[in-house]
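One structure below.
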Amino acid sequence: MIEQRINELFGDAESTGLGTGWWSGVLAVFLGFLSFGAVLCLRFPQLLTVPQFRPHYPMQAIRTLIQCLIVGAAAFGILSSILRRKKVLALTGLLLAMTAAALGGSTVRINEALRDGPAIGLDWFLLDLLLTAVFFVPLERLWPLRKEQGTFRNQWTLDVVYFMSTHLPIQILSFLILLPTIQFAKYLSVPGVQNLVARLPWLLQFFMAVLVADVAEYFIHLAFHKVPLLWRFHAVHHSSTALDWLSGSRGHFFEDIIVRACIITPLMIAFSQSVILGYLIFVTLQATWSHCNFAPGPRWLAKCLVTPKYHHWHHTSQKEGLDKNFAVHFPWIDRVFGTYYLPDEWPELYGLDGEQISPGFIRQTIEPFTKRKRS
């Protein structure tokens with residue numbers, strides 16, 4: 001219902017091709033939203049920004065970026081208002097840009113002494129949204145697997161909610177995941193192993209961390225498919241009937257906590273924080289890419305690294321692809337354990353095989369905790 005009303009409010013029957021004012025309107029809203037959120041972060045840094053990230057921000061570059069976002073939103077908004085008959089997108093982008101400027105724009109000064117403590121993590125959400133959207137949306141529009149599948153396909157608003165739910169409460173999720181794993185790692189850590197690993201080149205450490213994480217991910221992923229209680233939660237992720245860069249965000253918070261804990265725990269035993277941080281950035285990009293509506297990909301690459309085609313077969317509801325391709329990074333892990341499947345063609349069907357889950361974020365969050373029969 002919400003998605004339908006949003007589409008009715010902002011959409012129309014006109015063409016959405018380049019030069020029609022559609023994409024300039026979308027960019028106006030997108031840049032306006034980012035600029036408005038960024039200015040809020042400057043005004044309320046204690047509440048909205050992650051304490052661990054604050055010391056690493058190049059503030060002059062951040063302020064320049066905010067100014068560019070405001071100017072870009074205004075420029076695209078004006079262009080869209082000229083080119084397109086319906087002005088809602090253009091006016092929304094202009095309103096967001098004007099509000100961001102009225103709140104002080106990039107010139108807002110941070111006068112308070114910032115301290116550690118719980119934060120919403122709006123800064124991480126905005127940065128991740130900017131970087132992933134700017135990189136992956138053009139890829140999907142220029143080289144799409146399914147040309148008929150637009151950026152604003154069915155259930156896109158649901159996946160936006162999931163994207164927000166896994167990024168905004170970053171401090172809470174970090175606490176739930178890292179606190180028990182830190183305590184657990186204290187009893188399992190082997191100083192000799194840590195010292196030995198630390199002497200290796202950083203890139204070799206990174207490769208080893210990816211390998212350790214992927215083996216752990218393989219078995220926890222397999223468990224979420226084979227154990228009925230765990231499948232209730234993982235079914236949420238597999239309920240997507242259309243894959244793109246945003247659909248990878250659809251996942252139950254309980255599964256996120258379990259999976260991240262099972263991956264971070266072995267990493268903390270032997271690897272430094274910089275290596276673990278590098279892996280977390282890598283797995284975020286890899287997971288987003290593997291869900292993309294993106295056609296190109298040489299077959300030789302699929303033998304060494306999980307590609308969109310490889311992971312799309314994991315999401316198929318076609319019988320031949322069920323319970324295949326559990327690895328997140330290295331396909332040869334599936335070969336070792338007999339779950340590898342990669343034919344020449346792409347899958348045609350996605351989603352759950354003969355099973356239904358409730359629509360909507362709230363119901364999908366609550367339902368796995370209750371007893372549910374599979375149809």
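Chains: A, B, ... in order of the structure tokens. Residues: from 1 per chain. Ligands: from 1, in order shown.
The protein and nucleic acid residues lying at most 12 Å from Glu14 in chain A are Gly19, Thr20, Gly21, Trp22, Leu83, Arg84, Arg85 and Lys86 of chain A, with only C-alpha atoms considered and sequence neighbours fewer than 5 positions away removed.
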Serialized selection, N, CA, C and O atoms, as a PDB file, in the first residue's frame:
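Output (again.pdb):
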```
ATOM      1  N   GLY A  19      16.689  12.517 -20.575  1.00  0.00           N
ATOM      2  CA  GLY A  19      16.196  13.708 -21.237  1.00  0.00           C
ATOM      3  C   GLY A  19      14.734  14.004 -20.982  1.00  0.00           C
ATOM      4  O   GLY A  19      14.207  14.995 -21.500  1.00  0.00           O
ATOM      5  N   THR A  20      14.065  13.164 -20.174  1.00  0.00           N
ATOM      6  CA  THR A  20      12.641  13.381 -19.891  1.00  0.00           C
ATOM      7  C   THR A  20      12.410  14.084 -18.559  1.00  0.00           C
ATOM      8  O   THR A  20      11.282  14.420 -18.219  1.00  0.00           O
ATOM      9  N   GLY A  21      13.476  14.275 -17.792  1.00  0.00           N
ATOM     10  CA  GLY A  21      13.340  14.899 -16.473  1.00  0.00           C
ATOM     11  C   GLY A  21      13.104  13.918 -15.346  1.00  0.00           C
ATOM     12  O   GLY A  21      13.089  14.307 -14.179  1.00  0.00           O
ATOM     13  N   TRP A  22      12.944  12.625 -15.680  1.00  0.00           N
ATOM     14  CA  TRP A  22      12.701  11.613 -14.649  1.00  0.00           C
ATOM     15  C   TRP A  22      13.950  11.380 -13.801  1.00  0.00           C
ATOM     16  O   TRP A  22      13.911  11.493 -12.574  1.00  0.00           O
ATOM     17  N   LEU A  83      11.977  20.030 -17.570  1.00  0.00           N
ATOM     18  CA  LEU A  83      11.780  18.967 -18.547  1.00  0.00           C
ATOM     19  C   LEU A  83      10.503  18.157 -18.344  1.00  0.00           C
ATOM     20  O   LEU A  83       9.949  17.628 -19.309  1.00  0.00           O
ATOM     21  N   ARG A  84      10.032  18.062 -17.111  1.00  0.00           N
ATOM     22  CA  ARG A  84       8.942  17.126 -16.837  1.00  0.00           C
ATOM     23  C   ARG A  84       7.660  17.858 -16.436  1.00  0.00           C
ATOM     24  O   ARG A  84       7.695  18.836 -15.692  1.00  0.00           O
ATOM     25  N   ARG A  85       6.558  17.344 -16.909  1.00  0.00           N
ATOM     26  CA  ARG A  85       5.268  17.979 -16.649  1.00  0.00           C
ATOM     27  C   ARG A  85       4.904  17.888 -15.168  1.00  0.00           C
ATOM     28  O   ARG A  85       4.480  18.857 -14.566  1.00  0.00           O
ATOM     29  N   LYS A  86       5.071  16.688 -14.591  1.00  0.00           N
ATOM     30  CA  LYS A  86       4.762  16.518 -13.170  1.00  0.00           C
ATOM     31  C   LYS A  86       5.962  16.972 -12.353  1.00  0.00           C
ATOM     32  O   LYS A  86       7.082  16.492 -12.555  1.00  0.00           O
TER      33      LYS A  86
END
```
Please provide the set of residues having any atom within 9 Å of Gly72 in chain A, restricted to only C-alpha atoms, with same-chain residues fewer than 6 positions apart removed, written as a ChimeraX atom specification. /A:27-28,31-32,97
For all heavy atoms, I'd like the residues from the last selection saved as a PDB file, in the first residue's frame.
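What landed in result.pdb:
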```pdb
ATOM      1  N   LEU A  27      17.502  12.078  -9.090  1.00  0.00           N
ATOM      2  CA  LEU A  27      18.780  12.533  -8.534  1.00  0.00           C
ATOM      3  C   LEU A  27      18.591  13.717  -7.596  1.00  0.00           C
ATOM      4  O   LEU A  27      19.290  13.837  -6.585  1.00  0.00           O
ATOM      5  CB  LEU A  27      19.734  12.897  -9.674  1.00  0.00           C
ATOM      6  CG  LEU A  27      20.359  11.719 -10.419  1.00  0.00           C
ATOM      7  CD1 LEU A  27      21.124  12.212 -11.653  1.00  0.00           C
ATOM      8  CD2 LEU A  27      21.294  10.944  -9.499  1.00  0.00           C
ATOM      9  N   ALA A  28      17.660  14.604  -7.909  1.00  0.00           N
ATOM     10  CA  ALA A  28      17.392  15.749  -7.039  1.00  0.00           C
ATOM     11  C   ALA A  28      16.930  15.281  -5.659  1.00  0.00           C
ATOM     12  O   ALA A  28      17.406  15.772  -4.631  1.00  0.00           O
ATOM     13  CB  ALA A  28      16.343  16.659  -7.671  1.00  0.00           C
ATOM     14  N   LEU A  31      20.014  13.291  -3.896  1.00  0.00           N
ATOM     15  CA  LEU A  31      21.050  14.199  -3.394  1.00  0.00           C
ATOM     16  C   LEU A  31      20.510  15.110  -2.300  1.00  0.00           C
ATOM     17  O   LEU A  31      21.215  15.428  -1.337  1.00  0.00           O
ATOM     18  CB  LEU A  31      21.619  15.029  -4.548  1.00  0.00           C
ATOM     19  CG  LEU A  31      22.309  14.242  -5.671  1.00  0.00           C
ATOM     20  CD1 LEU A  31      22.827  15.193  -6.742  1.00  0.00           C
ATOM     21  CD2 LEU A  31      23.440  13.385  -5.123  1.00  0.00           C
ATOM     22  N   GLY A  32      19.251  15.536  -2.451  1.00  0.00           N
ATOM     23  CA  GLY A  32      18.637  16.358  -1.419  1.00  0.00           C
ATOM     24  C   GLY A  32      18.499  15.619  -0.104  1.00  0.00           C
ATOM     25  O   GLY A  32      18.758  16.176   0.972  1.00  0.00           O
ATOM     26  N   ALA A  97      16.942  20.285  -0.524  1.00  0.00           N
ATOM     27  CA  ALA A  97      18.172  21.073  -0.663  1.00  0.00           C
ATOM     28  C   ALA A  97      18.047  22.415   0.055  1.00  0.00           C
ATOM     29  O   ALA A  97      18.983  22.853   0.754  1.00  0.00           O
ATOM     30  CB  ALA A  97      18.484  21.294  -2.142  1.00  0.00           C
TER      31      ALA A  97
END
```
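Comparing the minimum interatomic distances between Leu114 in chain A and each of A:Ala133, A:Asn154, A:Leu42, A:Glu320, counting only C-alpha atoms, we find that A:Leu42 sits nearest.
The interatomic distance for the pair CA of Thr92 in chain A and CA of Leu40 in chain A works out to 17.6 Å.
The space separating CA of Ile2 in chain A from CA of Gly150 in chain A comes to 18.2 Å.
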Check which residues of range 322-364 of chain A sit at most 12 Å from range 242-256 of chain A using only C-alpha atoms, and return one row each with the closest pair of atoms and their distance in Å to one decimal, ordered by chain and rising number, as JSON lines.
```
{"residue": "A:Pro347", "atom": "CA", "partner": "A:Leu243", "partner_atom": "CA", "distance": 11.2}
{"residue": "A:Glu348", "atom": "CA", "partner": "A:Ala242", "partner_atom": "CA", "distance": 10.1}
{"residue": "A:Leu349", "atom": "CA", "partner": "A:Ala242", "partner_atom": "CA", "distance": 8.6}
{"residue": "A:Tyr350", "atom": "CA", "partner": "A:Ala242", "partner_atom": "CA", "distance": 6.5}
{"residue": "A:Gly351", "atom": "CA", "partner": "A:Ala242", "partner_atom": "CA", "distance": 7.8}
{"residue": "A:Leu352", "atom": "CA", "partner": "A:Ala242", "partner_atom": "CA", "distance": 11.5}
{"residue": "A:Gly360", "atom": "CA", "partner": "A:Arg250", "partner_atom": "CA", "distance": 11.4}
{"residue": "A:Phe361", "atom": "CA", "partner": "A:His252", "partner_atom": "CA", "distance": 9.4}
{"residue": "A:Ile362", "atom": "CA", "partner": "A:His252", "partner_atom": "CA", "distance": 10.6}
{"residue": "A:Arg363", "atom": "CA", "partner": "A:His252", "partner_atom": "CA", "distance": 11.1}
{"residue": "A:Gln364", "atom": "CA", "partner": "A:His252", "partner_atom": "CA", "distance": 7.8}
```
Selection file, N, CA and C atoms, as an mmCIF file, in the first residue's frame:
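As written to disk, result.cif reads:
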```cif
data_model
loop_
_atom_site.group_PDB
_atom_site.id
_atom_site.type_symbol
_atom_site.label_atom_id
_atom_site.label_comp_id
_atom_site.auth_asym_id
_atom_site.auth_seq_id
_atom_site.Cartn_x
_atom_site.Cartn_y
_atom_site.Cartn_z
ATOM 1 N N PRO A 347 19.161 -18.280 -14.137
ATOM 2 C CA PRO A 347 17.847 -18.755 -13.674
ATOM 3 C C PRO A 347 16.739 -17.814 -14.128
ATOM 4 N N GLU A 348 15.557 -18.365 -14.261
ATOM 5 C CA GLU A 348 14.398 -17.578 -14.685
ATOM 6 C C GLU A 348 13.495 -17.195 -13.513
ATOM 7 N N LEU A 349 13.490 -18.016 -12.461
ATOM 8 C CA LEU A 349 12.577 -17.794 -11.339
ATOM 9 C C LEU A 349 13.357 -17.597 -10.046
ATOM 10 N N TYR A 350 12.868 -16.683 -9.222
ATOM 11 C CA TYR A 350 13.488 -16.401 -7.929
ATOM 12 C C TYR A 350 12.429 -16.469 -6.826
ATOM 13 N N GLY A 351 12.892 -16.560 -5.608
ATOM 14 C CA GLY A 351 11.973 -16.544 -4.482
ATOM 15 C C GLY A 351 11.894 -17.890 -3.788
ATOM 16 N N LEU A 352 10.837 -18.087 -3.011
ATOM 17 C CA LEU A 352 10.648 -19.290 -2.226
ATOM 18 C C LEU A 352 9.974 -20.379 -3.044
ATOM 19 N N GLY A 360 5.329 -7.319 4.200
ATOM 20 C CA GLY A 360 5.568 -6.211 5.120
ATOM 21 C C GLY A 360 6.690 -6.480 6.098
ATOM 22 N N PHE A 361 7.422 -5.431 6.430
ATOM 23 C CA PHE A 361 8.598 -5.537 7.284
ATOM 24 C C PHE A 361 8.250 -6.007 8.696
ATOM 25 N N ILE A 362 7.216 -5.443 9.301
ATOM 26 C CA ILE A 362 6.865 -5.782 10.685
ATOM 27 C C ILE A 362 6.480 -7.247 10.799
ATOM 28 N N ARG A 363 5.617 -7.702 9.918
ATOM 29 C CA ARG A 363 5.180 -9.095 9.968
ATOM 30 C C ARG A 363 6.344 -10.050 9.703
ATOM 31 N N GLN A 364 7.200 -9.704 8.761
ATOM 32 C CA GLN A 364 8.336 -10.569 8.461
ATOM 33 C C GLN A 364 9.348 -10.588 9.607
#
```
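Relative to CA of Val306 in chain A, CA of Ala198 in chain A is found at 27.6 Å.
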Surrounding residues of range 44-48 of chain A excluding itself and chain neighbours under 2 positions, 10 Å, only C-alpha atoms, as an MDAnalysis selection string: chainID A and resid 37:42 50:51 54 110 112:124 168
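Counting only C-alpha atoms, Met164 in chain A has the following residues at most 10 Å away, ignoring those fewer than 3 positions along the same chain: Leu122, Phe125, Leu126, Leu129, Leu158, Asp159, Val160, Val161, His167, Leu168, Pro169, Ile170 and Ser249 of chain A.
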Deliver the residues from the most recent selection as a file, using N, CA and C atoms, as an mmCIF file, in the first residue's frame.
```cif
data_model
loop_
_atom_site.group_PDB
_atom_site.id
_atom_site.type_symbol
_atom_site.label_atom_id
_atom_site.label_comp_id
_atom_site.auth_asym_id
_atom_site.auth_seq_id
_atom_site.Cartn_x
_atom_site.Cartn_y
_atom_site.Cartn_z
ATOM 1 N N LEU A 122 23.564 7.510 11.612
ATOM 2 C CA LEU A 122 23.060 8.077 10.364
ATOM 3 C C LEU A 122 24.191 8.354 9.386
ATOM 4 N N PHE A 125 24.990 5.149 7.509
ATOM 5 C CA PHE A 125 23.894 4.862 6.587
ATOM 6 C C PHE A 125 23.996 5.719 5.333
ATOM 7 N N LEU A 126 24.236 7.023 5.490
ATOM 8 C CA LEU A 126 24.298 7.932 4.349
ATOM 9 C C LEU A 126 25.496 7.633 3.453
ATOM 10 N N LEU A 129 24.876 4.326 1.611
ATOM 11 C CA LEU A 129 23.864 4.533 0.579
ATOM 12 C C LEU A 129 24.448 5.275 -0.619
ATOM 13 N N LEU A 158 10.159 -2.019 0.411
ATOM 14 C CA LEU A 158 10.420 -2.975 1.489
ATOM 15 C C LEU A 158 11.916 -3.164 1.674
ATOM 16 N N ASP A 159 12.657 -3.263 0.571
ATOM 17 C CA ASP A 159 14.104 -3.451 0.673
ATOM 18 C C ASP A 159 14.800 -2.183 1.164
ATOM 19 N N VAL A 160 14.234 -1.015 0.879
ATOM 20 C CA VAL A 160 14.776 0.226 1.447
ATOM 21 C C VAL A 160 14.641 0.205 2.970
ATOM 22 N N VAL A 161 13.501 -0.276 3.464
ATOM 23 C CA VAL A 161 13.301 -0.389 4.914
ATOM 24 C C VAL A 161 14.319 -1.349 5.508
ATOM 25 N N HIS A 167 21.381 -0.612 8.855
ATOM 26 C CA HIS A 167 22.423 0.406 8.878
ATOM 27 C C HIS A 167 22.238 1.439 9.981
ATOM 28 N N LEU A 168 21.008 1.880 10.196
ATOM 29 C CA LEU A 168 20.808 2.944 11.175
ATOM 30 C C LEU A 168 21.129 2.522 12.612
ATOM 31 N N PRO A 169 20.646 1.366 13.099
ATOM 32 C CA PRO A 169 20.963 0.999 14.485
ATOM 33 C C PRO A 169 22.309 0.300 14.594
ATOM 34 N N ILE A 170 23.341 0.880 13.951
ATOM 35 C CA ILE A 170 24.639 0.212 13.859
ATOM 36 C C ILE A 170 25.247 -0.019 15.240
ATOM 37 N N SER A 249 19.963 -6.478 0.864
ATOM 38 C CA SER A 249 19.774 -5.949 2.211
ATOM 39 C C SER A 249 18.630 -6.631 2.944
#
```
Non-local contacts of Val283 in chain A (10 Å; only C-alpha atoms; under 3 positions in same chain excluded) as a PyMOL selection string: chain A and resi 210+213-214+277-280+286-289+328-329
Create the file for the chosen residues now, containing N, CA and C atoms and written as an mmCIF file, in the first residue's frame.
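Result went into result31.cif, see below:
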```
data_model
loop_
_atom_site.group_PDB
_atom_site.id
_atom_site.type_symbol
_atom_site.label_atom_id
_atom_site.label_comp_id
_atom_site.auth_asym_id
_atom_site.auth_seq_id
_atom_site.Cartn_x
_atom_site.Cartn_y
_atom_site.Cartn_z
ATOM 1 N N VAL A 210 39.572 -13.662 4.580
ATOM 2 C CA VAL A 210 38.440 -13.913 3.684
ATOM 3 C C VAL A 210 38.175 -15.411 3.589
ATOM 4 N N ALA A 213 36.668 -16.646 6.919
ATOM 5 C CA ALA A 213 35.292 -16.157 7.021
ATOM 6 C C ALA A 213 34.363 -16.911 6.082
ATOM 7 N N ASP A 214 34.838 -17.221 4.866
ATOM 8 C CA ASP A 214 33.965 -17.879 3.896
ATOM 9 C C ASP A 214 33.679 -19.324 4.295
ATOM 10 N N LEU A 277 38.388 -5.043 9.660
ATOM 11 C CA LEU A 277 37.686 -3.918 9.040
ATOM 12 C C LEU A 277 37.751 -4.015 7.525
ATOM 13 N N GLY A 278 38.923 -4.370 6.999
ATOM 14 C CA GLY A 278 39.057 -4.547 5.552
ATOM 15 C C GLY A 278 38.141 -5.627 5.038
ATOM 16 N N TYR A 279 38.017 -6.713 5.786
ATOM 17 C CA TYR A 279 37.113 -7.786 5.372
ATOM 18 C C TYR A 279 35.662 -7.329 5.397
ATOM 19 N N LEU A 280 35.256 -6.587 6.427
ATOM 20 C CA LEU A 280 33.861 -6.142 6.527
ATOM 21 C C LEU A 280 33.483 -5.237 5.361
ATOM 22 N N GLN A 286 31.013 -7.192 -1.885
ATOM 23 C CA GLN A 286 30.818 -8.476 -2.572
ATOM 24 C C GLN A 286 29.370 -8.928 -2.494
ATOM 25 N N ALA A 287 28.765 -8.807 -1.316
ATOM 26 C CA ALA A 287 27.373 -9.238 -1.149
ATOM 27 C C ALA A 287 26.433 -8.385 -1.994
ATOM 28 N N THR A 288 26.704 -7.094 -2.067
ATOM 29 C CA THR A 288 25.874 -6.211 -2.882
ATOM 30 C C THR A 288 26.008 -6.557 -4.353
ATOM 31 N N TRP A 289 27.249 -6.756 -4.797
ATOM 32 C CA TRP A 289 27.509 -7.074 -6.205
ATOM 33 C C TRP A 289 26.886 -8.410 -6.604
ATOM 34 N N VAL A 328 30.112 -17.473 -0.158
ATOM 35 C CA VAL A 328 29.906 -16.039 -0.364
ATOM 36 C C VAL A 328 31.030 -15.445 -1.209
ATOM 37 N N HIS A 329 32.234 -15.996 -1.113
ATOM 38 C CA HIS A 329 33.381 -15.422 -1.820
ATOM 39 C C HIS A 329 34.013 -16.388 -2.834
#
```
Taking the DSSP assignment computed from this structure's backbone, write out as JSON, numbers by chain all residues of range 63-257 of chain A that belong to alpha helix (DSSP H). {"A": [63, 64, 65, 66, 67, 68, 69, 70, 71, 72, 73, 74, 75, 76, 77, 78, 79, 80, 81, 82, 83, 88, 89, 90, 91, 92, 93, 94, 95, 96, 97, 98, 99, 100, 101, 102, 122, 123, 124, 125, 126, 127, 128, 129, 130, 131, 132, 133, 134, 135, 136, 137, 138, 139, 140, 141, 142, 156, 157, 158, 159, 160, 161, 162, 163, 164, 165, 166, 167, 170, 171, 172, 173, 174, 175, 176, 177, 178, 179, 180, 181, 182, 183, 184, 185, 186, 187, 188, 191, 192, 193, 194, 195, 196, 197, 198, 202, 203, 204, 205, 206, 207, 208, 209, 210, 211, 212, 213, 214, 215, 216, 217, 218, 219, 220, 221, 222, 223, 224, 225, 226, 228, 229, 230, 231, 232, 233, 234, 235, 236, 237, 238, 253, 254, 255, 256, 257]}
All residues 12 Å or closer to Asn293 in chain A, only C-alpha atoms, same chain fewer than 3 positions away omitted, as a ChimeraX atom specification: /A:136-151,153,242-248,288-290,296-297,307-309,311-312,346
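Shortest atom-to-atom contact with Trp231 in chain A among A:Arg260, A:Glu355, A:Leu301, A:Leu200: A:Glu355, counting only C-alpha atoms.
Among the candidates A:Val259, A:Val108, A:Cys292, A:Leu79, the residue lying nearest to Thr132 in chain A is A:Cys292 (atoms considered: only C-alpha atoms).
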